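For reference, the structure discussed in these notes is given below.
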Amino acid sequence: MRSLGRYLLIRTLLTIPMIFVLVTLVFIILRVMPGDPVKSSIRPGAPQEYINEIRHTLGLDKPLYVQYGDYLWDLLHLDLGTTLSPVRGQSVAKQIWEHFPATLELALAGMLVTAIVGVGLGAYAAHHRRSLADYSLRLYAIVIYAIPVFWLGLMFQLVFGVWLKIFPVAGRISSLAVAPKHITGLYTVDSLLTGNWAAFKDSMMHLALPALTLGLYLSGVFVRLTRSNMLQVLKMDFVTAARARGIPERTVVYRHALKNALIPIITMMGLQFALLLAGAVLTESTFSWPGLGRFLVERITYRDFPSIQGAVVVFALLVASVSLLVDILYALIDPRIRY
Amino acid sequence: MKRNKLFAVVALLVLVALALAACGKATPTAAPKPAATQAPAATEKPAATQAPKPTEAPKPTEAPTQAPKPKPSGTIIIGTTDKVTDLDPANAYDFHTWEIFHNTMDTLLHYKPGTTDLEPGLATSYDVSKDGKTYTFHLRKGLKFNDGTPFNAQAVKWSIDRVIKIKGDPNWLVTSFVDHVEVVDDYTVKFVLKKAVNYFPLLVATFPYAPVSPNCYPADKIASDSTCGGIGPYKIAKWTRDVEMDLVANPNWYGEPPKTGNIIIKYFADATTMRLALENGEIDVATKSLNPTDYADLKSNPNLQVVEGPGAYIRYIVFNVKMKPFDDPKVRQAIAYAVNRQAIVDKVYQGTHEPLYSMVPIGMWSHIDAFPKRDLEKAKELLKEAGYSADNPLKIDLWWTPTHYGDTESDMASVVKEALEETGMIKVNLQSAEWATYTSQFGSMGMFLLGWYPDYMDPDDYTYPFAASDASDDIGSNYSSKEMDALFAKEQAATDLRGAEREKVFEDIQKLWAKDVPTIPLSQGKLFVVAKKNIKGIVLDPVMLNHYFLLEKAGQ
């Protein structure tokens, strides 16, 4: 595993220039884009002198390269700065930490739905190739991928929330429920850890629709991917050999073949993680889910530069760490892979 | 069938990600809340809202009688798409945050619910000096802030000085008028003004004037997340930004105890989700704002009531009168004749607005219908006089902003465009910019759509910022007229705030407005609150702040 260690180190070091380029791009785009964080947070008609004064106290009147230099210097010290708008002077890092667990909880639950539904249905479709189920599943994969995720969310809210009244449509936990003690920030996990069953049930109910929306949205890709990979694997000699040995078909398909088809699927999971986060941004807005995506969208409308930059850095780090994680998983799943 | 390994992989993914998250600290955990018992109960129509009446100077009232008060109980959950900005009256300048203040920090004078009349709040009475430059307030005795600090003249002075020092967004409501504050004795405080301002009592009812505890707020810093409150019917028990705010009844409140013990405000990212949550029974009340189409739909829901009240929210077009072609008054007048207010009200706002023919809102003291009704012929005539024709049409850009005024804004711009182009002599090019961009373009846009909420309930607030020489550049209108300035001076110097003399001046201002057309008023919004049928005590007024302390759930 020494070589793996070296590989990890290089990969980690490589994320630094990546983040740097990203931050620089975001910094420039935000400043080039029209819009002003001060004016967006105060009422139209405020006197110009007053606006200038605020700009001065916030350091927005300094030359751009000075602002950029200050920003990079702070970032080096892991200081994400303070907000500009709509509320000034709050720690960006603190705000991101407050919003992050909600997004993580949603992303994980969504990923779980995607993995189970996507891989499961894909394998089933491959197993029953050219059956009605296969055709339906292939159609499903295309349709679900083409449906805008917010529309899917709205439909779920309407059907399961308003009509059937099974699930709540907004938020992470009921106003009248007792939120679990803070451990990880993930309500479902925290309530489990503290044995708070009422809160667990409540937060699971709240998580259900957003997770389903996000998970199903991404499952289409995995149905298709798993199916085509499985079909290839099912043609391989070892499958024929396994069948010849009289191993039950289900074991052959779901144990031997699926395991061998998993590698590209895991790669895809890593790649799709960025898409998952993008979907989370929309899902969070649809379900009033107080996560980082909703935070980012809101702050973009206010041109709150430090918050936008901070959130983008966090998203970038997330994507980078997930792709790293995927690389490690390869080695675990397929012992032949060495770095 | 064994799928253990597949699950092991998935579980590993989950676990590693969990470990990543575990080092983070996040949202504070909630305190236990009392469970609300709900029972469907008899519905009652909310009290009819009253049209605004001339303000009267409040009369002194006796100290409240200390009869044992019933302890408020029960819980009501209110949904909103608005947000809290700064929980600090020195810097908050938006409707929802002011609504929270309205329920958690009283001012020296406040509006009587359901009216635009002032009544005594933390002050029992006040005197005005002969020259109108000194206001002396007599404070209520024996009151305490939530942290136990006694309420007195020193605290009032400290709070005002703090607003002046911090210079937050709404500071002009204080600094433009108040020179300094003096403590006369423990329960008497004197405001010395820079010049006589007849509407000063209305200003005192705004929240930069709310006394706060000197021991709970920092003297020279904005406390954005402070839950200290002032002295109000409710105290803030818990607050998670953008998620939820819990209010509990203040046991030391001097006035009538709130009808409900707990108020929970839930913050929604969009109107559609809030509507679904209301239909699903997750919230009891939905306030600002649902989409205009929702109100009509929800009226037919047997479990819900849609309560309609007067609003003082107006929509209008602003011209930059220094920019071609809008520097020609004839062009502005022609556009004023051509706009179709009825179409705006019907198509864009689905009956939730009404046509407005003056910048002074309907129902506000001194309002007249100053602008002419739609007249396309007259508009064409004026355009001809200004040198335009069907072959040489007037080409203009109309600016609008997509989200700040709700999802309906693109319809608004299209309806205005359509109406103007009906003359056959105007070509409108629609231009849009996001709010942050929009506000930074004031001064470079020739014709743009805006909206206005009241700061204080006086026509001055709806006219002066747009048309006074020393204010109009900030709103991007650049209008300046000696005649108008003279009228403003006269209006502001009048001794009687609601006297006939001042009323006449405002009529003249409105008439001159229709002639010079620095802006074109379009429509006025009504205020809507949708609630479950068992919610009582929804009282709406043009001030547009909800009174949580009057809300009551039948059967709890």
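Convention: chains lettered A, B, ... in structure tokens order; per-chain residue numbering from 1; ligands numbered from 1 as shown.
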Neighbouring residues of Phe305 of chain A were defined as those with any atom within 8 Å, considering only C-alpha atoms; residues of the same chain fewer than 2 positions away were excluded. Please report them as a PyMOL selection string.
chain A and resi 27+30+37+83-84+299-300+303+307-309
Could you save those same residues with C-alpha atoms as a PDB file, in the first residue's frame?
```
ATOM      1  CA  PHE A  27     -13.583  35.676  -7.901  1.00  0.00           C
ATOM      2  CA  LEU A  30     -18.393  37.602  -9.559  1.00  0.00           C
ATOM      3  CA  PRO A  37     -23.649  43.328  -2.755  1.00  0.00           C
ATOM      4  CA  THR A  83     -20.646  37.923   4.664  1.00  0.00           C
ATOM      5  CA  LEU A  84     -21.499  41.121   2.777  1.00  0.00           C
ATOM      6  CA  ARG A 299     -26.351  34.330  -1.740  1.00  0.00           C
ATOM      7  CA  ILE A 300     -25.845  34.534  -5.496  1.00  0.00           C
ATOM      8  CA  ARG A 303     -23.999  38.976  -4.651  1.00  0.00           C
ATOM      9  CA  SER A 307     -20.286  33.256   0.812  1.00  0.00           C
ATOM     10  CA  ILE A 308     -20.470  32.281  -2.860  1.00  0.00           C
ATOM     11  CA  GLN A 309     -16.708  31.762  -2.994  1.00  0.00           C
TER      12      GLN A 309
END
```
Please measure the separation of atom CA of Asp185 of chain B and atom CA of Ser129 of chain B, giving the value in Å to one decimal.
17.6 Å
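Those residues that approach segment 58-62 of chain A to within 9 Å, counting only C-alpha atoms, are Asn52, Glu53, Ile54, Val66, Gln67, Leu84, Arg88 and Gly89 of chain A; same-chain residues fewer than 4 positions away are not listed.
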Check which residues of chain A sit at most 6 Å from chain B using only C-alpha atoms, and return one row each with the closest pair of atoms and their distance in Å to one decimal, ordered by chain and rising number, as a Markdown table.
```
| residue | atom | partner | partner_atom | distance |
| --- | --- | --- | --- | --- |
| A:Pro34 | CA | B:Thr437 | CA | 5.1 |
| A:Gly35 | CA | B:Thr437 | CA | 3.4 |
| A:Asp36 | CA | B:Ala436 | CA | 5.4 |
| A:Lys39 | CA | B:Thr439 | CA | 5.9 |
| A:Ser40 | CA | B:Ala436 | CA | 4.4 |
| A:Gly45 | CA | B:Ile475 | CA | 4.2 |
| A:Pro47 | CA | B:Asp474 | CA | 5.4 |
| A:Val87 | CA | B:Thr85 | CA | 5.6 |
| A:Trp97 | CA | B:Ala26 | CA | 5.5 |
| A:Glu98 | CA | B:Ala26 | CA | 4.2 |
| A:Val162 | CA | B:Asn280 | CA | 5.0 |
| A:Val169 | CA | B:Ala277 | CA | 5.8 |
| A:Leu176 | CA | B:Ala35 | CA | 6.0 |
| A:Val178 | CA | B:Pro32 | CA | 5.3 |
| A:Ala179 | CA | B:Ala30 | CA | 5.2 |
| A:Lys181 | CA | B:Thr29 | CA | 5.6 |
| A:His182 | CA | B:Thr29 | CA | 5.8 |
| A:Thr184 | CA | B:Ala22 | CA | 4.6 |
| A:Gly185 | CA | B:Ala26 | CA | 5.7 |
| A:Ser285 | CA | B:Ala269 | CA | 5.5 |
| A:Ser288 | CA | B:Ala269 | CA | 4.9 |
| A:Tyr302 | CA | B:Ala436 | CA | 6.0 |
```
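Between atom CA of Lys288 of chain B and atom CA of Gly229 of chain B there is a distance of 22.2 Å.
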Give me the residues near Thr15 of chain A as a list in words, where near means some atom within 12 Å (using only C-alpha atoms) and where sequence neighbours in that chain fewer than 2 positions away do not count.
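Once the nearby chain positions are removed, what remains is Leu8, Leu9, Ile10, Arg11, Thr12, Leu13, Pro17, Met18, Ile19, Phe20, Val21, Leu22, Val23, Val313, Ala316, Leu317, Leu318, Val319, Ala320, Ser321, Val322, Ser323 and Leu324 of chain A.
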Give me every strand (DSSP E or B) residue in segment 70-132 of chain B, going by DSSP on the backbone, as a PyMOL selection string.
chain B and resi 73-80+109-111+118-120+123-128
Let me see the file: selected residues, C-alpha atoms, as a PDB file, in the first residue's frame.
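The result, stored in selection36.pdb:
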```
ATOM      1  CA  SER B  73     -50.966  28.558  25.791  1.00  0.00           C
ATOM      2  CA  GLY B  74     -51.143  26.713  22.496  1.00  0.00           C
ATOM      3  CA  THR B  75     -48.987  26.857  19.393  1.00  0.00           C
ATOM      4  CA  ILE B  76     -49.517  28.377  15.966  1.00  0.00           C
ATOM      5  CA  ILE B  77     -47.136  27.762  13.060  1.00  0.00           C
ATOM      6  CA  ILE B  78     -46.765  30.534  10.528  1.00  0.00           C
ATOM      7  CA  GLY B  79     -45.065  30.092   7.157  1.00  0.00           C
ATOM      8  CA  THR B  80     -43.369  32.811   5.154  1.00  0.00           C
ATOM      9  CA  LEU B 109     -45.818  54.840  20.191  1.00  0.00           C
ATOM     10  CA  HIS B 110     -47.279  52.151  17.955  1.00  0.00           C
ATOM     11  CA  TYR B 111     -50.105  51.650  15.487  1.00  0.00           C
ATOM     12  CA  LEU B 118     -51.057  55.700  16.759  1.00  0.00           C
ATOM     13  CA  GLU B 119     -51.585  54.720  20.358  1.00  0.00           C
ATOM     14  CA  PRO B 120     -49.305  54.850  23.396  1.00  0.00           C
ATOM     15  CA  ALA B 123     -44.583  55.966  26.401  1.00  0.00           C
ATOM     16  CA  THR B 124     -47.891  56.850  27.971  1.00  0.00           C
ATOM     17  CA  SER B 125     -48.001  60.321  26.472  1.00  0.00           C
ATOM     18  CA  TYR B 126     -45.925  63.037  24.816  1.00  0.00           C
ATOM     19  CA  ASP B 127     -45.751  66.820  24.538  1.00  0.00           C
ATOM     20  CA  VAL B 128     -44.605  68.882  21.579  1.00  0.00           C
TER      21      VAL B 128
END
```
Please indicate the distance in Å from atom CA of Pro233 of chain B to atom CA of Leu122 of chain B, rounded to one decimal place.
12.0 Å
What parts of segment 300-519 of chain B does DSSP call helix (DSSP H, G or I)? I'd like the answer as a ChimeraX atom specification.
/B:329-338,341-348,376-385,409-421,435-440,460-467,482-493,500-516
Nearest residue to Ile426 of chain B from the set B:Leu203, B:Ile335, B:Met457, B:Met364 (distances using only C-alpha atoms)
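Nearest candidate to Ile426 of chain B out of B:Leu203, B:Ile335, B:Met457, B:Met364: B:Ile335.
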Contact residues around Gln154 of chain B with only C-alpha atoms at 7 Å, ignoring same-chain residues under 2 positions, as a list in words:
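Using only C-alpha atoms, the neighbours found are Asn152, Val156, Lys157, Trp158, Val183 and Asp186 of chain B.
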Output of the above residues as a compact mmCIF listing (two decimals), in the first residue's frame, restricted to N, CA and C atoms:
```txt
# COMPACT_ATOMS: atom_id res chain seq x y z
N ASN B 152 -35.99 52.57 31.20
CA ASN B 152 -36.08 53.96 31.65
C ASN B 152 -35.57 54.90 30.57
N VAL B 156 -33.67 54.48 26.71
CA VAL B 156 -34.19 55.02 25.45
C VAL B 156 -33.10 55.84 24.77
N LYS B 157 -32.47 56.70 25.53
CA LYS B 157 -31.40 57.53 24.97
C LYS B 157 -30.27 56.64 24.43
N TRP B 158 -29.92 55.63 25.22
CA TRP B 158 -28.83 54.74 24.82
C TRP B 158 -29.16 54.06 23.48
N VAL B 183 -32.02 63.01 28.54
CA VAL B 183 -32.74 62.38 29.65
C VAL B 183 -33.18 63.50 30.60
N ASP B 186 -35.76 59.93 35.15
CA ASP B 186 -35.78 58.50 34.84
C ASP B 186 -36.87 58.09 33.87
```
Using only C-alpha atoms, which residue out of B:Asp516, B:Asp461, B:Asp369, B:Glu99 lies closest to Glu491 of chain B?
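Counting only C-alpha atoms, the residue closest to Glu491 of chain B is B:Asp461.
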